[in-house]
Structure formats: structure tokens, C-alpha cells
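K.L.:
I am sharing model02.pdb, which consists of PDB, C-alpha atoms, pLDDT in the B column:
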```pdb
ATOM      1  CA  MET A  30       0.000   0.000   0.000  1.00 45.00           C
ATOM      2  CA  SER A  31       1.254   3.493  -0.664  1.00 54.00           C
ATOM      3  CA  ASP A  32       0.321   7.012   0.299  1.00 65.00           C
ATOM      4  CA  ASP A  33      -2.911   6.301  -1.602  1.00 88.00           C
ATOM      5  CA  VAL A  34      -4.494   5.079   1.630  1.00 92.00           C
ATOM      6  CA  ARG A  35      -4.244   8.535   3.234  1.00 92.00           C
ATOM      7  CA  LYS A  36      -5.446  10.173   0.011  1.00 93.00           C
ATOM      8  CA  ARG A  37      -8.435   7.840  -0.048  1.00 94.00           C
ATOM      9  CA  LEU A  38      -9.250   8.690   3.559  1.00 95.00           C
ATOM     10  CA  ALA A  39      -9.030  12.406   2.791  1.00 94.00           C
ATOM     11  CA  GLY A  40     -11.131  11.918  -0.340  1.00 94.00           C
ATOM     12  CA  LEU A  41     -13.817  10.302   1.811  1.00 94.00           C
ATOM     13  CA  GLY A  42     -13.681  13.311   4.123  1.00 95.00           C
ATOM     14  CA  LEU A  43     -12.156  11.191   6.888  1.00 94.00           C
ATOM     15  CA  ARG A  44      -9.141  11.476   9.135  1.00 92.00           C
ATOM     16  CA  LEU A  45      -7.775   9.048  11.642  1.00 94.00           C
ATOM     17  CA  PRO A  46      -8.919   9.806  15.182  1.00 94.00           C
ATOM     18  CA  GLU A  47      -6.615   9.769  18.171  1.00 93.00           C
ATOM     19  CA  VAL A  48      -6.105   6.248  19.459  1.00 95.00           C
ATOM     20  CA  SER A  49      -8.375   5.728  22.432  1.00 87.00           C
ATOM     21  CA  PRO A  50      -6.604   4.821  25.653  1.00 87.00           C
ATOM     22  CA  PRO A  51      -7.477   1.274  26.753  1.00 87.00           C
ATOM     23  CA  LYS A  52     -10.478   0.927  29.052  1.00 81.00           C
ATOM     24  CA  GLY A  53      -8.876  -2.097  30.763  1.00 87.00           C
ATOM     25  CA  ALA A  54      -5.725  -4.224  31.003  1.00 93.00           C
ATOM     26  CA  TYR A  55      -4.882  -4.435  27.283  1.00 95.00           C
ATOM     27  CA  VAL A  56      -3.314  -2.414  24.473  1.00 96.00           C
ATOM     28  CA  PRO A  57      -5.162  -1.059  21.398  1.00 97.00           C
ATOM     29  CA  ALA A  58      -3.027  -2.989  18.889  1.00 98.00           C
ATOM     30  CA  VAL A  59      -0.292  -5.607  18.867  1.00 98.00           C
ATOM     31  CA  ARG A  60       2.100  -6.134  15.997  1.00 97.00           C
ATOM     32  CA  SER A  61       3.413  -9.661  15.492  1.00 96.00           C
ATOM     33  CA  GLY A  62       5.601 -10.215  12.438  1.00 95.00           C
ATOM     34  CA  ARG A  63       3.576  -9.196   9.410  1.00 96.00           C
ATOM     35  CA  TYR A  64       0.274  -9.012  11.301  1.00 98.00           C
ATOM     36  CA  VAL A  65      -1.402  -6.389  13.444  1.00 98.00           C
ATOM     37  CA  PHE A  66      -4.144  -7.518  15.807  1.00 98.00           C
ATOM     38  CA  VAL A  67      -6.455  -4.699  16.888  1.00 98.00           C
ATOM     39  CA  ALA A  68      -8.460  -4.868  20.108  1.00 97.00           C
ATOM     40  CA  GLY A  69     -12.192  -4.291  19.854  1.00 97.00           C
ATOM     41  CA  GLN A  70     -12.977  -0.667  19.059  1.00 97.00           C
ATOM     42  CA  ILE A  71     -16.184   1.015  20.221  1.00 97.00           C
ATOM     43  CA  PRO A  72     -17.548   4.266  18.761  1.00 97.00           C
ATOM     44  CA  LEU A  73     -15.961   7.135  20.670  1.00 94.00           C
ATOM     45  CA  THR A  74     -16.135  10.874  20.074  1.00 91.00           C
ATOM     46  CA  ASP A  75     -13.588  12.926  22.016  1.00 88.00           C
ATOM     47  CA  GLY A  76     -12.980   9.927  24.271  1.00 87.00           C
ATOM     48  CA  GLU A  77     -16.670   9.469  25.135  1.00 92.00           C
ATOM     49  CA  LEU A  78     -19.071   6.834  23.836  1.00 95.00           C
ATOM     50  CA  THR A  79     -20.887   8.309  20.820  1.00 96.00           C
ATOM     51  CA  GLN A  80     -24.128   6.470  21.544  1.00 97.00           C
ATOM     52  CA  THR A  81     -25.404   3.751  23.877  1.00 98.00           C
ATOM     53  CA  GLY A  82     -28.082   1.117  23.618  1.00 98.00           C
ATOM     54  CA  ARG A  83     -29.119  -1.977  21.752  1.00 98.00           C
ATOM     55  CA  VAL A  84     -29.553  -2.132  18.019  1.00 98.00           C
ATOM     56  CA  GLY A  85     -33.183  -2.701  17.112  1.00 98.00           C
ATOM     57  CA  ALA A  86     -34.357  -0.872  20.256  1.00 97.00           C
ATOM     58  CA  GLU A  87     -32.642   2.418  21.246  1.00 97.00           C
ATOM     59  CA  VAL A  88     -30.366   2.433  18.172  1.00 98.00           C
ATOM     60  CA  SER A  89     -31.597   2.047  14.597  1.00 98.00           C
ATOM     61  CA  PRO A  90     -29.783  -0.399  12.310  1.00 98.00           C
ATOM     62  CA  GLU A  91     -28.838   2.516  10.036  1.00 98.00           C
ATOM     63  CA  ARG A  92     -27.284   4.445  12.909  1.00 98.00           C
ATOM     64  CA  ALA A  93     -25.493   1.314  14.113  1.00 98.00           C
ATOM     65  CA  ARG A  94     -24.033   0.865  10.620  1.00 98.00           C
ATOM     66  CA  GLU A  95     -22.609   4.425  10.861  1.00 98.00           C
ATOM     67  CA  LEU A  96     -21.198   3.616  14.308  1.00 98.00           C
ATOM     68  CA  SER A  97     -19.628   0.446  12.907  1.00 98.00           C
ATOM     69  CA  ARG A  98     -17.875   2.609  10.305  1.00 98.00           C
ATOM     70  CA  GLN A  99     -16.651   4.896  13.095  1.00 97.00           C
ATOM     71  CA  CYS A 100     -15.244   1.842  14.904  1.00 98.00           C
ATOM     72  CA  ALA A 101     -13.458   0.758  11.713  1.00 98.00           C
ATOM     73  CA  LEU A 102     -11.785   4.152  11.422  1.00 97.00           C
ATOM     74  CA  ALA A 103     -10.657   3.872  15.053  1.00 97.00           C
ATOM     75  CA  ALA A 104      -9.266   0.411  14.252  1.00 98.00           C
ATOM     76  CA  LEU A 105      -7.211   1.908  11.415  1.00 98.00           C
ATOM     77  CA  ALA A 106      -5.852   4.510  13.846  1.00 97.00           C
ATOM     78  CA  ALA A 107      -4.845   1.679  16.189  1.00 98.00           C
ATOM     79  CA  VAL A 108      -3.057  -0.084  13.309  1.00 98.00           C
ATOM     80  CA  ASP A 109      -1.258   3.157  12.434  1.00 97.00           C
ATOM     81  CA  SER A 110      -0.053   3.462  16.034  1.00 97.00           C
ATOM     82  CA  VAL A 111       2.085   0.309  15.672  1.00 97.00           C
ATOM     83  CA  ALA A 112       2.763   0.151  11.904  1.00 96.00           C
ATOM     84  CA  PRO A 113       2.418   2.817   9.217  1.00 95.00           C
ATOM     85  CA  LEU A 114      -0.997   2.550   7.597  1.00 95.00           C
ATOM     86  CA  GLU A 115       0.775   2.647   4.225  1.00 95.00           C
ATOM     87  CA  SER A 116       2.370  -0.726   5.031  1.00 96.00           C
ATOM     88  CA  VAL A 117      -0.982  -2.561   5.217  1.00 97.00           C
ATOM     89  CA  ALA A 118      -1.101  -5.181   2.469  1.00 97.00           C
ATOM     90  CA  ARG A 119      -4.627  -6.351   3.259  1.00 97.00           C
ATOM     91  CA  VAL A 120      -7.373  -6.508   5.835  1.00 98.00           C
ATOM     92  CA  VAL A 121      -7.502 -10.181   6.778  1.00 98.00           C
ATOM     93  CA  LYS A 122     -10.308 -10.522   9.332  1.00 98.00           C
ATOM     94  CA  VAL A 123     -13.072  -8.417  10.845  1.00 98.00           C
ATOM     95  CA  VAL A 124     -15.165  -9.433  13.832  1.00 98.00           C
ATOM     96  CA  GLY A 125     -18.159  -7.251  14.577  1.00 98.00           C
ATOM     97  CA  TYR A 126     -20.179  -7.488  17.769  1.00 98.00           C
ATOM     98  CA  VAL A 127     -23.657  -5.959  17.766  1.00 98.00           C
ATOM     99  CA  SER A 128     -25.565  -5.353  20.991  1.00 98.00           C
ATOM    100  CA  SER A 129     -28.906  -6.656  19.777  1.00 98.00           C
ATOM    101  CA  ALA A 130     -32.452  -6.230  21.007  1.00 98.00           C
ATOM    102  CA  PRO A 131     -34.431  -9.481  21.276  1.00 97.00           C
ATOM    103  CA  GLY A 132     -35.405 -10.614  17.790  1.00 97.00           C
ATOM    104  CA  PHE A 133     -32.906  -8.393  15.961  1.00 98.00           C
ATOM    105  CA  THR A 134     -31.207 -10.500  13.283  1.00 98.00           C
ATOM    106  CA  ARG A 135     -29.569  -8.003  10.914  1.00 98.00           C
ATOM    107  CA  GLN A 136     -26.118  -7.947  12.529  1.00 98.00           C
ATOM    108  CA  ALA A 137     -24.428  -8.517   9.153  1.00 98.00           C
ATOM    109  CA  GLY A 138     -25.922  -5.301   7.767  1.00 98.00           C
ATOM    110  CA  VAL A 139     -24.645  -3.352  10.768  1.00 98.00           C
ATOM    111  CA  VAL A 140     -21.102  -4.707  10.403  1.00 98.00           C
ATOM    112  CA  ASP A 141     -21.221  -3.909   6.674  1.00 98.00           C
ATOM    113  CA  GLY A 142     -20.493  -0.316   7.717  1.00 98.00           C
ATOM    114  CA  ALA A 143     -17.003  -1.384   8.804  1.00 98.00           C
ATOM    115  CA  SER A 144     -16.428  -3.835   5.954  1.00 98.00           C
ATOM    116  CA  GLU A 145     -17.382  -1.275   3.321  1.00 98.00           C
ATOM    117  CA  LEU A 146     -15.035   1.337   4.802  1.00 98.00           C
ATOM    118  CA  PHE A 147     -12.102  -1.064   4.487  1.00 98.00           C
ATOM    119  CA  VAL A 148     -12.934  -1.668   0.810  1.00 97.00           C
ATOM    120  CA  GLU A 149     -13.277   2.088   0.185  1.00 96.00           C
ATOM    121  CA  VAL A 150      -9.865   2.700   1.756  1.00 96.00           C
ATOM    122  CA  PHE A 151      -7.889  -0.343   0.533  1.00 96.00           C
ATOM    123  CA  GLY A 152      -9.785  -1.453  -2.577  1.00 95.00           C
ATOM    124  CA  ASP A 153      -9.761  -5.217  -3.113  1.00 96.00           C
ATOM    125  CA  ALA A 154      -7.162  -5.545  -0.330  1.00 97.00           C
ATOM    126  CA  GLY A 155      -9.902  -4.384   2.050  1.00 97.00           C
ATOM    127  CA  ARG A 156     -12.122  -7.394   1.328  1.00 98.00           C
ATOM    128  CA  GLN A 157     -11.896  -9.616   4.378  1.00 98.00           C
ATOM    129  CA  ALA A 158     -13.121 -12.729   6.124  1.00 98.00           C
ATOM    130  CA  ARG A 159     -15.706 -11.640   8.653  1.00 98.00           C
ATOM    131  CA  SER A 160     -17.953 -12.607  11.530  1.00 98.00           C
ATOM    132  CA  ALA A 161     -20.962 -10.575  12.697  1.00 98.00           C
ATOM    133  CA  VAL A 162     -22.093 -11.613  16.165  1.00 98.00           C
ATOM    134  CA  GLY A 163     -25.198 -10.551  18.052  1.00 98.00           C
ATOM    135  CA  VAL A 164     -24.695 -10.120  21.791  1.00 98.00           C
ATOM    136  CA  ASP A 165     -26.853  -8.996  24.698  1.00 97.00           C
ATOM    137  CA  VAL A 166     -24.621  -6.161  25.912  1.00 97.00           C
ATOM    138  CA  LEU A 167     -21.196  -4.669  25.122  1.00 97.00           C
ATOM    139  CA  PRO A 168     -18.736  -2.715  27.278  1.00 94.00           C
ATOM    140  CA  LEU A 169     -20.036   0.694  28.386  1.00 95.00           C
ATOM    141  CA  ASP A 170     -23.400  -0.201  26.728  1.00 97.00           C
ATOM    142  CA  SER A 171     -21.879   0.358  23.275  1.00 98.00           C
ATOM    143  CA  PRO A 172     -24.142  -0.636  20.361  1.00 98.00           C
ATOM    144  CA  VAL A 173     -21.229  -2.052  18.332  1.00 98.00           C
ATOM    145  CA  GLU A 174     -17.621  -3.173  18.676  1.00 98.00           C
ATOM    146  CA  ILE A 175     -15.230  -3.960  15.808  1.00 98.00           C
ATOM    147  CA  GLU A 176     -11.910  -5.821  15.950  1.00 98.00           C
ATOM    148  CA  ILE A 177      -9.615  -6.459  13.000  1.00 98.00           C
ATOM    149  CA  VAL A 178      -6.481  -8.262  11.862  1.00 98.00           C
ATOM    150  CA  VAL A 179      -4.374  -6.780   9.061  1.00 98.00           C
ATOM    151  CA  GLU A 180      -1.387  -8.160   7.194  1.00 98.00           C
ATOM    152  CA  LEU A 181       1.563  -5.886   6.499  1.00 97.00           C
ATOM    153  CA  ALA A 182       3.464  -5.837   3.225  1.00 95.00           C
ATOM    154  CA  PRO A 183       6.635  -7.956   2.942  1.00 92.00           C
ATOM    155  CA  GLY A 184       9.562  -6.109   4.475  1.00 81.00           C
ATOM    156  CA  ALA A 185       7.314  -4.282   6.946  1.00 73.00           C
ATOM    157  CA  GLU A 186       8.046  -6.696   9.769  1.00 59.00           C
ATOM    158  CA  ASN A 187       9.007  -5.247  13.114  1.00 58.00           C
ATOM    159  CA  PRO A 188      12.815  -4.958  13.058  1.00 53.00           C
ATOM    160  CA  ALA A 189      13.001  -5.967  16.723  1.00 53.00           C
ATOM    161  CA  GLU A 190      11.399  -9.300  15.828  1.00 49.00           C
ATOM    162  CA  ASN A 191      13.819  -9.951  12.968  1.00 41.00           C
ATOM    163  CA  PRO A 192      17.312  -9.190  14.231  1.00 40.00           C
ATOM    164  CA  ALA A 193      20.046  -9.007  11.569  1.00 36.00           C
TER     165      ALA A 193
END
```
Have the structure of the file written as C-alpha cells, please.
P.N.:
Amino acid sequence: MSDDVRKRLAGLGLRLPEVSPPKGAYVPAVRSGRYVFVAGQIPLTDGELTQTGRVGAEVSPERARELSRQCALAALAAVDSVAPLESVARVVKVVGYVSSAPGFTRQAGVVDGASELFVEVFGDAGRQARSAVGVDVLPLDSPVEIEIVVELAPGAENPAENPA
């Protein structure tokens, strides 16, 4: 990937947010060889939860899809904190958790907000394997949470892991 990724973000009217400090005993992203594993990201605005509630009750599916997209952008910021975003070769896996009201079954459509952002930013390299999981409640009463795994381009390995 080249500088095109930042141009695509700008062209979409987006910028990477600040990486949110962990809300527990974990780190936002871990780099291991050519992979970056990103902890679940919830929709935050200025460090505060953007919206609370269950999808299909207090939160509409359309709004939840927007929040999923916001989580995806936060996940990209977490990637960028441990490896330059330009070094991402592909988005490998997305797991989306949707706090769902009883009977709500459109989790996949909610998580599409995140999946589509990755394709808009990375093109075909943004197409990923994915799971969309309905849950009763998420941390801080978040409607959605997105976690991702990305693969870095060859040669982008962490130098500390590959001593000369």
C-alpha cells in the first residue's frame, strides 16, 4: 500500500482519530511479524461513547451501521499506532459485535459499515473474512464493537522481531 491510503481517507472526508486509551488491562493494537491484531474498538467521540443502547431498540440499524464505520476508522488509527498505515497489504479478518435487542437479526448489515469502509480505503485488499455476532450487551453499553487483523506488506516486519 502506498500514500494512496491517506489520500483515499481524505477523499472520503475522513481522518484518523486519536487512538483511544485502553479501558482495561490491554493495548489497542499488537504487531506480530507481518500481522497487526487490533483490540475491539467502540464508537468514541472525544474519548466518550458516541451512543449507547441496543440495536433494534434504542439504536436504529442505520445508525449502528454508521457507528460500525466509526469503529473501523478507530481500528485503522490503532493499526497506524504500531505500523504505518501505508504498510498494510490487506485486511484479513473483521469481527463485529452488535448489541442486539431481542429478535434483531440483521447484525451482518450493521457490520457492513465497517467492511465497506475497508474496501473504500484499501480497494480489493480491504475485502476480508468476517464474523458478525449478536450479543446482549457490550462494554459501556456500546451498540457495536469492531476488531480487525491486518497483514503488512513484505519487508514491513518489526525490526526488533527480525534481528540481523
K.L.:
Evaluate the PyMOL selection byres ((chain A and resi 169-186) around 7) here and jot the selected residues down as a CSV table (one decimal) with C-alpha atoms, keeping the file's coordinate frame.
P.N.:
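Wrote selection07.csv, looks like this:
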```csv
chain,number,residue,atom,x,y,z
A,62,GLY,CA,5.6,-10.2,12.4
A,63,ARG,CA,3.6,-9.2,9.4
A,64,TYR,CA,0.3,-9.0,11.3
A,65,VAL,CA,-1.4,-6.4,13.4
A,66,PHE,CA,-4.1,-7.5,15.8
A,67,VAL,CA,-6.5,-4.7,16.9
A,68,ALA,CA,-8.5,-4.9,20.1
A,69,GLY,CA,-12.2,-4.3,19.9
A,70,GLN,CA,-13.0,-0.7,19.1
A,71,ILE,CA,-16.2,1.0,20.2
A,80,GLN,CA,-24.1,6.5,21.5
A,81,THR,CA,-25.4,3.8,23.9
A,82,GLY,CA,-28.1,1.1,23.6
A,83,ARG,CA,-29.1,-2.0,21.8
A,84,VAL,CA,-29.6,-2.1,18.0
A,93,ALA,CA,-25.5,1.3,14.1
A,96,LEU,CA,-21.2,3.6,14.3
A,97,SER,CA,-19.6,0.4,12.9
A,100,CYS,CA,-15.2,1.8,14.9
A,101,ALA,CA,-13.5,0.8,11.7
A,104,ALA,CA,-9.3,0.4,14.3
A,116,SER,CA,2.4,-0.7,5.0
A,117,VAL,CA,-1.0,-2.6,5.2
A,118,ALA,CA,-1.1,-5.2,2.5
A,119,ARG,CA,-4.6,-6.4,3.3
A,120,VAL,CA,-7.4,-6.5,5.8
A,121,VAL,CA,-7.5,-10.2,6.8
A,122,LYS,CA,-10.3,-10.5,9.3
A,123,VAL,CA,-13.1,-8.4,10.8
A,124,VAL,CA,-15.2,-9.4,13.8
A,125,GLY,CA,-18.2,-7.3,14.6
A,126,TYR,CA,-20.2,-7.5,17.8
A,127,VAL,CA,-23.7,-6.0,17.8
A,128,SER,CA,-25.6,-5.4,21.0
A,166,VAL,CA,-24.6,-6.2,25.9
A,167,LEU,CA,-21.2,-4.7,25.1
A,168,PRO,CA,-18.7,-2.7,27.3
A,187,ASN,CA,9.0,-5.2,13.1
A,188,PRO,CA,12.8,-5.0,13.1
```
K.L.:
For the contact check between region 111-153 of chain A and region 39-59 of chain A, emit one row per residue of region 111-153 of chain A within 12 Å, containing the shortest atom pair and the distance in Å rounded to one decimal, counting all atoms listed in the file, chain then rising number order, as a Markdown table.
P.N.:
```
| residue | atom | partner | partner_atom | distance |
| --- | --- | --- | --- | --- |
| A:Val111 | CA | A:Ala58 | CA | 6.9 |
| A:Ala112 | CA | A:Val59 | CA | 9.5 |
| A:Leu114 | CA | A:Leu45 | CA | 10.2 |
| A:Leu146 | CA | A:Leu41 | CA | 9.5 |
| A:Phe147 | CA | A:Leu41 | CA | 11.8 |
| A:Glu149 | CA | A:Leu41 | CA | 8.4 |
| A:Val150 | CA | A:Leu41 | CA | 8.6 |
```
K.L.:
Looking at A:Val140, A:Val34, A:Ala107, A:Ala130, which one is nearest to Asp165 (chain A), with distances taken over all atoms listed in the file?
P.N.:
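Of all the options, A:Ala130 lies closest to Asp165 (chain A).
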K.L.:
Could you jot down the CA of Asp109 (chain A) to CA of Asp33 (chain A) separation for me, Å, one decimal place?
P.N.:
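It comes out at 14.5 Å.
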K.L.:
Which residue is closest to Ser61 (chain A)? Choose from A:Val164, A:Val108, A:Val148, A:Ala143 and count all atoms listed in the file.
P.N.:
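With all atoms listed in the file as the atom set, the closest residue is A:Val108.
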K.L.:
At what distance in Å, to one decimal, does CA of Ala106 (chain A) lie from CA of Lys36 (chain A)?
P.N.:
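Distance between the two atoms: 15.0 Å.
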K.L.:
Which one of A:Ser160, A:Ser144, A:Thr79, A:Gln136 sits closest to Glu91 (chain A) if you count all atoms listed in the file?
P.N.:
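Closest residue, counting all atoms listed in the file: A:Gln136.
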K.L.:
Please, what distance in Å, to one decimal, runs between CA of Gln157 (chain A) and CA of Gly142 (chain A)?
P.N.:
13.1 Å
K.L.:
Could you tell me which of A:Ala86, A:Ala103, A:Leu73, A:Leu38 comes closest to Pro131 (chain A) if we count all atoms listed in the file?
P.N.:
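Of A:Ala86, A:Ala103, A:Leu73, A:Leu38, the one nearest Pro131 (chain A) is A:Ala86, counting all atoms listed in the file.
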K.L.:
Can you work out which one of A:Ser110, A:Asp141, A:Gln99, A:Phe133 has the shortest atom-to-atom distance to Ala158 (chain A), counting only C-alpha atoms?
P.N.:
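Checking each candidate against Ala158 (chain A), we get A:Asp141 as the closest.
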K.L.:
Return the padded bounding box of region 158-173 of chain A as JSON: axis-aligned, built from all atoms listed in the file, 5 Å added on each side, with centre and edge lengths in Å to one decimal.
P.N.:
```
{"center_x": -20.0, "center_y": -6.0, "center_z": 17.3, "size_x": 23.7, "size_y": 23.4, "size_z": 32.3}
```
K.L.:
Nearest to Arg35 (chain A) among A:Asp153, A:Glu145, A:Glu115, A:Glu95, with distances taken over all atoms listed in the file: which residue is it?
P.N.:
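Ranked by minimum distance to Arg35 (chain A), first place goes to A:Glu115.
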